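Structure below is query-v2.tsv: TSV, N, CA and C atoms.
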chain	number	residue	atom	x	y	z
A	1	MET	N	0.85	-1.19	0.00
A	1	MET	CA	0.00	0.00	0.00
A	1	MET	C	0.88	1.24	0.00
A	2	ALA	N	0.44	2.28	-0.72
A	2	ALA	CA	1.20	3.52	-0.82
A	2	ALA	C	1.21	4.24	0.52
A	3	ASN	N	2.36	4.78	0.87
A	3	ASN	CA	2.49	5.49	2.15
A	3	ASN	C	2.56	7.00	1.98
A	4	THR	N	3.27	7.47	0.97
A	4	THR	CA	3.43	8.91	0.80
A	4	THR	C	2.24	9.48	0.03
A	5	ASN	N	2.05	10.79	0.22
A	5	ASN	CA	0.95	11.46	-0.46
A	5	ASN	C	1.09	11.38	-1.98
A	6	SER	N	2.32	11.52	-2.46
A	6	SER	CA	2.55	11.48	-3.91
A	6	SER	C	2.25	10.09	-4.46
A	7	ALA	N	2.58	9.06	-3.70
A	7	ALA	CA	2.31	7.68	-4.15
A	7	ALA	C	0.80	7.42	-4.16
A	8	LYS	N	0.09	7.97	-3.19
A	8	LYS	CA	-1.36	7.80	-3.13
A	8	LYS	C	-2.02	8.50	-4.33
A	9	LYS	N	-1.52	9.69	-4.64
A	9	LYS	CA	-2.05	10.43	-5.79
A	9	LYS	C	-1.75	9.67	-7.08
A	10	ALA	N	-0.55	9.14	-7.20
A	10	ALA	CA	-0.17	8.38	-8.39
A	10	ALA	C	-1.10	7.19	-8.57
A	11	THR	N	-1.45	6.53	-7.48
A	11	THR	CA	-2.38	5.40	-7.53
A	11	THR	C	-3.74	5.83	-8.05
A	12	ARG	N	-4.22	6.99	-7.59
A	12	ARG	CA	-5.51	7.50	-8.06
A	12	ARG	C	-5.45	7.82	-9.55
A	13	LYS	N	-4.35	8.45	-9.99
A	13	LYS	CA	-4.20	8.80	-11.39
A	13	LYS	C	-4.16	7.56	-12.28
A	14	ILE	N	-3.43	6.56	-11.82
A	14	ILE	CA	-3.32	5.31	-12.58
A	14	ILE	C	-4.69	4.67	-12.73
A	15	ALA	N	-5.47	4.68	-11.66
A	15	ALA	CA	-6.82	4.08	-11.71
A	15	ALA	C	-7.70	4.80	-12.72
A	16	ARG	N	-7.61	6.14	-12.76
A	16	ARG	CA	-8.40	6.92	-13.72
A	16	ARG	C	-7.97	6.61	-15.15
A	17	ARG	N	-6.68	6.59	-15.39
A	17	ARG	CA	-6.17	6.33	-16.73
A	17	ARG	C	-6.53	4.92	-17.18
A	18	THR	N	-6.49	3.97	-16.25
A	18	THR	CA	-6.83	2.59	-16.58
A	18	THR	C	-8.26	2.50	-17.07
A	19	GLU	N	-9.17	3.20	-16.40
A	19	GLU	CA	-10.58	3.20	-16.82
A	19	GLU	C	-10.74	3.77	-18.22
A	20	VAL	N	-10.07	4.89	-18.49
A	20	VAL	CA	-10.16	5.54	-19.80
A	20	VAL	C	-9.59	4.63	-20.88
A	21	ASN	N	-8.42	4.06	-20.60
A	21	ASN	CA	-7.77	3.19	-21.58
A	21	ASN	C	-8.58	1.93	-21.84
A	22	LYS	N	-9.22	1.41	-20.79
A	22	LYS	CA	-10.06	0.22	-20.95
A	22	LYS	C	-11.22	0.53	-21.89
A	23	ALA	N	-11.82	1.70	-21.71
A	23	ALA	CA	-12.94	2.10	-22.57
A	23	ALA	C	-12.47	2.27	-24.01
A	24	ARG	N	-11.32	2.89	-24.20
A	24	ARG	CA	-10.80	3.09	-25.56
A	24	ARG	C	-10.48	1.77	-26.23
A	25	ARG	N	-9.86	0.86	-25.47
A	25	ARG	CA	-9.50	-0.45	-26.02
A	25	ARG	C	-10.75	-1.22	-26.43
A	26	SER	N	-11.78	-1.13	-25.60
A	26	SER	CA	-13.04	-1.80	-25.89
A	26	SER	C	-13.67	-1.22	-27.16
A	27	ARG	N	-13.62	0.09	-27.28
A	27	ARG	CA	-14.17	0.78	-28.44
A	27	ARG	C	-13.46	0.34	-29.73
A	28	VAL	N	-12.14	0.24	-29.66
A	28	VAL	CA	-11.35	-0.20	-30.82
A	28	VAL	C	-11.74	-1.62	-31.20
A	29	ARG	N	-11.86	-2.49	-30.21
A	29	ARG	CA	-12.22	-3.89	-30.48
A	29	ARG	C	-13.59	-3.97	-31.15
A	30	THR	N	-14.51	-3.12	-30.73
A	30	THR	CA	-15.85	-3.10	-31.33
A	30	THR	C	-15.77	-2.73	-32.80
A	31	PHE	N	-14.99	-1.70	-33.12
A	31	PHE	CA	-14.85	-1.28	-34.51
A	31	PHE	C	-14.21	-2.38	-35.35
A	32	ILE	N	-13.20	-3.05	-34.79
A	32	ILE	CA	-12.54	-4.14	-35.51
A	32	ILE	C	-13.53	-5.28	-35.73
A	33	ARG	N	-14.33	-5.58	-34.72
A	33	ARG	CA	-15.31	-6.66	-34.83
A	33	ARG	C	-16.32	-6.37	-35.94
A	34	LYS	N	-16.74	-5.10	-36.06
A	34	LYS	CA	-17.68	-4.73	-37.11
A	34	LYS	C	-17.10	-4.97	-38.50
A	35	VAL	N	-15.81	-4.67	-38.66
A	35	VAL	CA	-15.15	-4.93	-39.94
A	35	VAL	C	-15.09	-6.43	-40.19
A	36	GLU	N	-14.71	-7.20	-39.17
A	36	GLU	CA	-14.62	-8.66	-39.30
A	36	GLU	C	-15.97	-9.25	-39.71
A	37	GLU	N	-17.04	-8.78	-39.08
A	37	GLU	CA	-18.38	-9.30	-39.40
A	37	GLU	C	-18.78	-8.96	-40.83
A	38	ALA	N	-18.44	-7.75	-41.28
A	38	ALA	CA	-18.75	-7.36	-42.65
A	38	ALA	C	-17.96	-8.20	-43.64
A	39	ILE	N	-16.71	-8.51	-43.31
A	39	ILE	CA	-15.89	-9.36	-44.17
A	39	ILE	C	-16.49	-10.76	-44.23
A	40	ALA	N	-16.90	-11.28	-43.07
A	40	ALA	CA	-17.47	-12.63	-43.00
A	40	ALA	C	-18.77	-12.73	-43.80
A	41	SER	N	-19.56	-11.65	-43.80
A	41	SER	CA	-20.82	-11.67	-44.54
A	41	SER	C	-20.60	-11.57	-46.05
A	42	GLY	N	-19.42	-11.09	-46.44
A	42	GLY	CA	-19.09	-10.99	-47.86
A	42	GLY	C	-19.58	-9.71	-48.51
A	43	ASP	N	-20.06	-8.77	-47.71
A	43	ASP	CA	-20.57	-7.50	-48.23
A	43	ASP	C	-19.42	-6.49	-48.31
A	44	LYS	N	-18.92	-6.28	-49.52
A	44	LYS	CA	-17.75	-5.44	-49.70
A	44	LYS	C	-18.00	-3.97	-49.34
A	45	THR	N	-19.16	-3.43	-49.70
A	45	THR	CA	-19.43	-2.02	-49.40
A	45	THR	C	-19.54	-1.80	-47.90
A	46	ALA	N	-20.19	-2.74	-47.20
A	46	ALA	CA	-20.29	-2.62	-45.74
A	46	ALA	C	-18.92	-2.75	-45.09
A	47	ALA	N	-18.10	-3.65	-45.62
A	47	ALA	CA	-16.76	-3.86	-45.08
A	47	ALA	C	-15.90	-2.61	-45.27
A	48	GLU	N	-16.02	-2.00	-46.45
A	48	GLU	CA	-15.26	-0.78	-46.71
A	48	GLU	C	-15.70	0.35	-45.80
A	49	ALA	N	-17.00	0.46	-45.59
A	49	ALA	CA	-17.53	1.51	-44.70
A	49	ALA	C	-17.08	1.27	-43.27
A	50	ALA	N	-17.10	0.02	-42.82
A	50	ALA	CA	-16.68	-0.31	-41.47
A	50	ALA	C	-15.18	-0.05	-41.29
A	51	LEU	N	-14.40	-0.37	-42.32
A	51	LEU	CA	-12.96	-0.11	-42.26
A	51	LEU	C	-12.68	1.38	-42.21
A	52	LYS	N	-13.44	2.13	-42.99
A	52	LYS	CA	-13.26	3.59	-43.02
A	52	LYS	C	-13.56	4.20	-41.64
A	53	ALA	N	-14.51	3.60	-40.91
A	53	ALA	CA	-14.83	4.08	-39.57
A	53	ALA	C	-13.81	3.59	-38.54
A	54	ALA	N	-13.27	2.40	-38.76
A	54	ALA	CA	-12.34	1.80	-37.79
A	54	ALA	C	-10.95	2.42	-37.86
A	55	GLN	N	-10.54	2.83	-39.04
A	55	GLN	CA	-9.18	3.32	-39.23
A	55	GLN	C	-8.84	4.51	-38.33
A	56	PRO	N	-9.64	5.58	-38.29
A	56	PRO	CA	-9.29	6.69	-37.40
A	56	PRO	C	-9.34	6.29	-35.93
A	57	GLU	N	-10.22	5.35	-35.61
A	57	GLU	CA	-10.33	4.90	-34.22
A	57	GLU	C	-9.05	4.19	-33.79
A	58	LEU	N	-8.51	3.37	-34.66
A	58	LEU	CA	-7.25	2.67	-34.37
A	58	LEU	C	-6.10	3.67	-34.25
A	59	GLN	N	-6.05	4.63	-35.16
A	59	GLN	CA	-4.96	5.62	-35.11
A	59	GLN	C	-5.06	6.48	-33.85
A	60	ARG	N	-6.29	6.79	-33.44
A	60	ARG	CA	-6.47	7.58	-32.23
A	60	ARG	C	-5.99	6.80	-31.01
A	61	ALA	N	-6.29	5.51	-31.00
A	61	ALA	CA	-5.82	4.67	-29.89
A	61	ALA	C	-4.30	4.66	-29.83
A	62	ALA	N	-3.67	4.69	-31.00
A	62	ALA	CA	-2.21	4.71	-31.04
A	62	ALA	C	-1.66	6.03	-30.52
A	63	THR	N	-2.29	7.14	-30.89
A	63	THR	CA	-1.78	8.44	-30.43
A	63	THR	C	-2.01	8.63	-28.94
A	64	LYS	N	-3.07	7.99	-28.40
A	64	LYS	CA	-3.37	8.11	-26.98
A	64	LYS	C	-2.58	7.13	-26.14
A	65	GLY	N	-1.82	6.25	-26.79
A	65	GLY	CA	-0.97	5.33	-26.04
A	65	GLY	C	-1.67	4.06	-25.60
A	66	VAL	N	-2.86	3.80	-26.13
A	66	VAL	CA	-3.57	2.57	-25.77
A	66	VAL	C	-2.89	1.39	-26.44
A	67	MET	N	-2.44	1.61	-27.67
A	67	MET	CA	-1.67	0.57	-28.37
A	67	MET	C	-0.53	1.23	-29.12
A	68	HIS	N	0.48	0.45	-29.47
A	68	HIS	CA	1.63	0.97	-30.19
A	68	HIS	C	1.21	1.37	-31.60
A	69	ARG	N	1.84	2.40	-32.14
A	69	ARG	CA	1.43	2.88	-33.46
A	69	ARG	C	1.66	1.85	-34.55
A	70	ASN	N	2.72	1.04	-34.41
A	70	ASN	CA	2.97	-0.01	-35.41
A	70	ASN	C	1.88	-1.07	-35.35
A	71	THR	N	1.39	-1.36	-34.15
A	71	THR	CA	0.31	-2.34	-33.99
A	71	THR	C	-0.95	-1.84	-34.68
A	72	ALA	N	-1.26	-0.57	-34.48
A	72	ALA	CA	-2.45	0.01	-35.11
A	72	ALA	C	-2.32	-0.02	-36.63
A	73	SER	N	-1.16	0.35	-37.14
A	73	SER	CA	-0.93	0.35	-38.58
A	73	SER	C	-1.02	-1.06	-39.14
A	74	ARG	N	-0.47	-2.01	-38.41
A	74	ARG	CA	-0.51	-3.40	-38.87
A	74	ARG	C	-1.95	-3.91	-38.95
A	75	LYS	N	-2.74	-3.58	-37.94
A	75	LYS	CA	-4.14	-4.02	-37.93
A	75	LYS	C	-4.91	-3.41	-39.09
A	76	VAL	N	-4.71	-2.12	-39.32
A	76	VAL	CA	-5.39	-1.44	-40.43
A	76	VAL	C	-4.98	-2.08	-41.76
A	77	SER	N	-3.70	-2.32	-41.91
A	77	SER	CA	-3.19	-2.89	-43.15
A	77	SER	C	-3.76	-4.28	-43.41
A	78	ARG	N	-3.80	-5.11	-42.39
A	78	ARG	CA	-4.31	-6.47	-42.56
A	78	ARG	C	-5.81	-6.48	-42.85
A	79	LEU	N	-6.53	-5.59	-42.16
A	79	LEU	CA	-7.97	-5.50	-42.43
A	79	LEU	C	-8.22	-5.01	-43.86
A	80	ALA	N	-7.44	-4.01	-44.28
A	80	ALA	CA	-7.60	-3.46	-45.63
A	80	ALA	C	-7.33	-4.52	-46.68
A	81	ASN	N	-6.32	-5.35	-46.46
A	81	ASN	CA	-6.02	-6.42	-47.40
A	81	ASN	C	-7.16	-7.43	-47.48
A	82	ARG	N	-7.74	-7.74	-46.34
A	82	ARG	CA	-8.86	-8.70	-46.31
A	82	ARG	C	-10.10	-8.12	-47.00
A	83	VAL	N	-10.34	-6.83	-46.79
A	83	VAL	CA	-11.48	-6.17	-47.45
A	83	VAL	C	-11.27	-6.16	-48.95
A	84	LYS	N	-10.04	-5.90	-49.37
A	84	LYS	CA	-9.72	-5.82	-50.79
A	84	LYS	C	-9.96	-7.15	-51.51
A	85	THR	N	-9.73	-8.26	-50.81
A	85	THR	CA	-9.86	-9.58	-51.46
A	85	THR	C	-11.29	-10.12	-51.46
A	86	ILE	N	-12.25	-9.39	-50.90
A	86	ILE	CA	-13.64	-9.88	-50.84
A	86	ILE	C	-14.20	-10.12	-52.25
A	87	GLY	N	-14.07	-9.13	-53.12
A	87	GLY	CA	-14.64	-9.24	-54.47
A	87	GLY	C	-13.96	-10.25	-55.35
A	88	ALA	N	-12.66	-10.42	-55.13
A	88	ALA	CA	-11.86	-11.29	-56.02
A	88	ALA	C	-12.08	-12.78	-55.76
Whole structure, structure tokens version:
Amino acid sequence: MANTNSAKKATRKIARRTEVNKARRSRVRTFIRKVEEAIASGDKTAAEAALKAAQPELQRAATKGVMHRNTASRKVSRLANRVKTIGA
């Protein structure tokens, strides 16, 4: 348990940030799931629209430190490739 005032404050700050980051991570997963479902259904226009909505969400998560920027870019790239191959 934290003893000093600064350590107690740090604990409170960490708890607040954890809640915010958890919400952001959940939001990103939801957007990714929507793209995955559109890909699974085979609807290219819906998949493209879902990807277009998911991309800024992933990049925002990267800038906010929820995930590494390379991870976000990799996820966008892989989803884009899967969406591109739907019609073919």
(request) Please give the complete set of residues from chain A that DSSP, run on the backbone, assigns to helix (DSSP H, G or I), formatted as a PyMOL selection string. (result) chain A and resi 5-41+44-63+69-84
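The environment of Ile86 (chain A) within 8 Å, counting all atoms listed in the file and disregarding residues fewer than 6 places along the same chain, consists of Ile39, Gly42, Asp43 and Lys44 of chain A.
Between atom N of Pro56 (chain A) and atom N of Val20 (chain A) the interatomic distance comes to 19.8 Å.
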Would you mind listing what lies within 8 Å of Gln55 (chain A) as a tab-separated table (two decimals) with N, CA and C atoms, in the coordinates of the input, with all atoms listed in the file counted and same-chain residues fewer than 6 positions away left out?
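Just written: around24.tsv:
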chain	number	residue	atom	x	y	z
A	31	PHE	N	-14.99	-1.70	-33.12
A	31	PHE	CA	-14.85	-1.28	-34.51
A	31	PHE	C	-14.21	-2.38	-35.35
A	32	ILE	N	-13.20	-3.05	-34.79
A	32	ILE	CA	-12.54	-4.14	-35.51
A	32	ILE	C	-13.53	-5.28	-35.73
A	49	ALA	N	-17.00	0.46	-45.59
A	49	ALA	CA	-17.53	1.51	-44.70
A	49	ALA	C	-17.08	1.27	-43.27
A	61	ALA	N	-6.29	5.51	-31.00
A	61	ALA	CA	-5.82	4.67	-29.89
A	61	ALA	C	-4.30	4.66	-29.83
A	75	LYS	N	-2.74	-3.58	-37.94
A	75	LYS	CA	-4.14	-4.02	-37.93
A	75	LYS	C	-4.91	-3.41	-39.09
A	76	VAL	N	-4.71	-2.12	-39.32
A	76	VAL	CA	-5.39	-1.44	-40.43
A	76	VAL	C	-4.98	-2.08	-41.76
Around all listed atoms of region 67-82 of chain A, padded 8 Å per side, what centre and edge lengths does the axis-aligned box have in Å to one decimal, as AutoDock Vina command-line options?
--center_x -3.6 --center_y -2.9 --center_z -37.6 --size_x 29.1 --size_y 27.6 --size_z 35.8
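Picture a line from atom N of Leu58 (chain A) to atom C of Arg27 (chain A); it runs 7.6 Å.
Separating CA of Ala7 (chain A) from CA of Arg60 (chain A) is a distance of 29.4 Å.
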(request) Determine, counting only C-alpha atoms, every residue of protein, DNA or RNA that lies within 10 Å of (-4.2, 1.1, -22.0) in the file coordinates, then give the result as JSON, numbers by chain. (result) {"A": [17, 18, 19, 20, 21, 22, 23, 24, 25, 61, 62, 64, 65, 66, 67]}
Could you take the residues named above and write them with N, CA and C atoms, as a short mmCIF file (atom, residue, chain, number, x, y, z; two decimals), keeping the file's coordinate frame?
data_model
loop_
_atom_site.label_atom_id
_atom_site.label_comp_id
_atom_site.auth_asym_id
_atom_site.auth_seq_id
_atom_site.Cartn_x
_atom_site.Cartn_y
_atom_site.Cartn_z
N ARG A 17 -6.68 6.59 -15.39
CA ARG A 17 -6.17 6.33 -16.73
C ARG A 17 -6.53 4.92 -17.18
N THR A 18 -6.49 3.97 -16.25
CA THR A 18 -6.83 2.59 -16.58
C THR A 18 -8.26 2.50 -17.07
N GLU A 19 -9.17 3.20 -16.40
CA GLU A 19 -10.58 3.20 -16.82
C GLU A 19 -10.74 3.77 -18.22
N VAL A 20 -10.07 4.89 -18.49
CA VAL A 20 -10.16 5.54 -19.80
C VAL A 20 -9.59 4.63 -20.88
N ASN A 21 -8.42 4.06 -20.60
CA ASN A 21 -7.77 3.19 -21.58
C ASN A 21 -8.58 1.93 -21.84
N LYS A 22 -9.22 1.41 -20.79
CA LYS A 22 -10.06 0.22 -20.95
C LYS A 22 -11.22 0.53 -21.89
N ALA A 23 -11.82 1.70 -21.71
CA ALA A 23 -12.94 2.10 -22.57
C ALA A 23 -12.47 2.27 -24.01
N ARG A 24 -11.32 2.89 -24.20
CA ARG A 24 -10.80 3.09 -25.56
C ARG A 24 -10.48 1.77 -26.23
N ARG A 25 -9.86 0.86 -25.47
CA ARG A 25 -9.50 -0.45 -26.02
C ARG A 25 -10.75 -1.22 -26.43
N ALA A 61 -6.29 5.51 -31.00
CA ALA A 61 -5.82 4.67 -29.89
C ALA A 61 -4.30 4.66 -29.83
N ALA A 62 -3.67 4.69 -31.00
CA ALA A 62 -2.21 4.71 -31.04
C ALA A 62 -1.66 6.03 -30.52
N LYS A 64 -3.07 7.99 -28.40
CA LYS A 64 -3.37 8.11 -26.98
C LYS A 64 -2.58 7.13 -26.14
N GLY A 65 -1.82 6.25 -26.79
CA GLY A 65 -0.97 5.33 -26.04
C GLY A 65 -1.67 4.06 -25.60
N VAL A 66 -2.86 3.80 -26.13
CA VAL A 66 -3.57 2.57 -25.77
C VAL A 66 -2.89 1.39 -26.44
N MET A 67 -2.44 1.61 -27.67
CA MET A 67 -1.67 0.57 -28.37
C MET A 67 -0.53 1.23 -29.12
#
Around the point (-16.9, -0.7, -41.2) (coordinates from the file), which residues reach within 6 Å if we count only N, CA and C atoms? Answer as a compact mmCIF listing (two decimals) with N, CA and C atoms, in the frame of the given file.
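Heads up, here's the output in part-v8.txt:
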# COMPACT_ATOMS: atom_id res chain seq x y z
N LYS A 34 -16.74 -5.10 -36.06
CA LYS A 34 -17.68 -4.73 -37.11
C LYS A 34 -17.10 -4.97 -38.50
N VAL A 35 -15.81 -4.67 -38.66
CA VAL A 35 -15.15 -4.93 -39.94
C VAL A 35 -15.09 -6.43 -40.19
N ALA A 46 -20.19 -2.74 -47.20
CA ALA A 46 -20.29 -2.62 -45.74
C ALA A 46 -18.92 -2.75 -45.09
N ALA A 47 -18.10 -3.65 -45.62
CA ALA A 47 -16.76 -3.86 -45.08
C ALA A 47 -15.90 -2.61 -45.27
N GLU A 48 -16.02 -2.00 -46.45
CA GLU A 48 -15.26 -0.78 -46.71
C GLU A 48 -15.70 0.35 -45.80
N ALA A 49 -17.00 0.46 -45.59
CA ALA A 49 -17.53 1.51 -44.70
C ALA A 49 -17.08 1.27 -43.27
N ALA A 50 -17.10 0.02 -42.82
CA ALA A 50 -16.68 -0.31 -41.47
C ALA A 50 -15.18 -0.05 -41.29
N LEU A 51 -14.40 -0.37 -42.32
CA LEU A 51 -12.96 -0.11 -42.26
C LEU A 51 -12.68 1.38 -42.21
N LYS A 52 -13.44 2.13 -42.99
CA LYS A 52 -13.26 3.59 -43.02
C LYS A 52 -13.56 4.20 -41.64
N ALA A 53 -14.51 3.60 -40.91
CA ALA A 53 -14.83 4.08 -39.57
C ALA A 53 -13.81 3.59 -38.54
N ALA A 54 -13.27 2.40 -38.76
CA ALA A 54 -12.34 1.80 -37.79
C ALA A 54 -10.95 2.42 -37.86
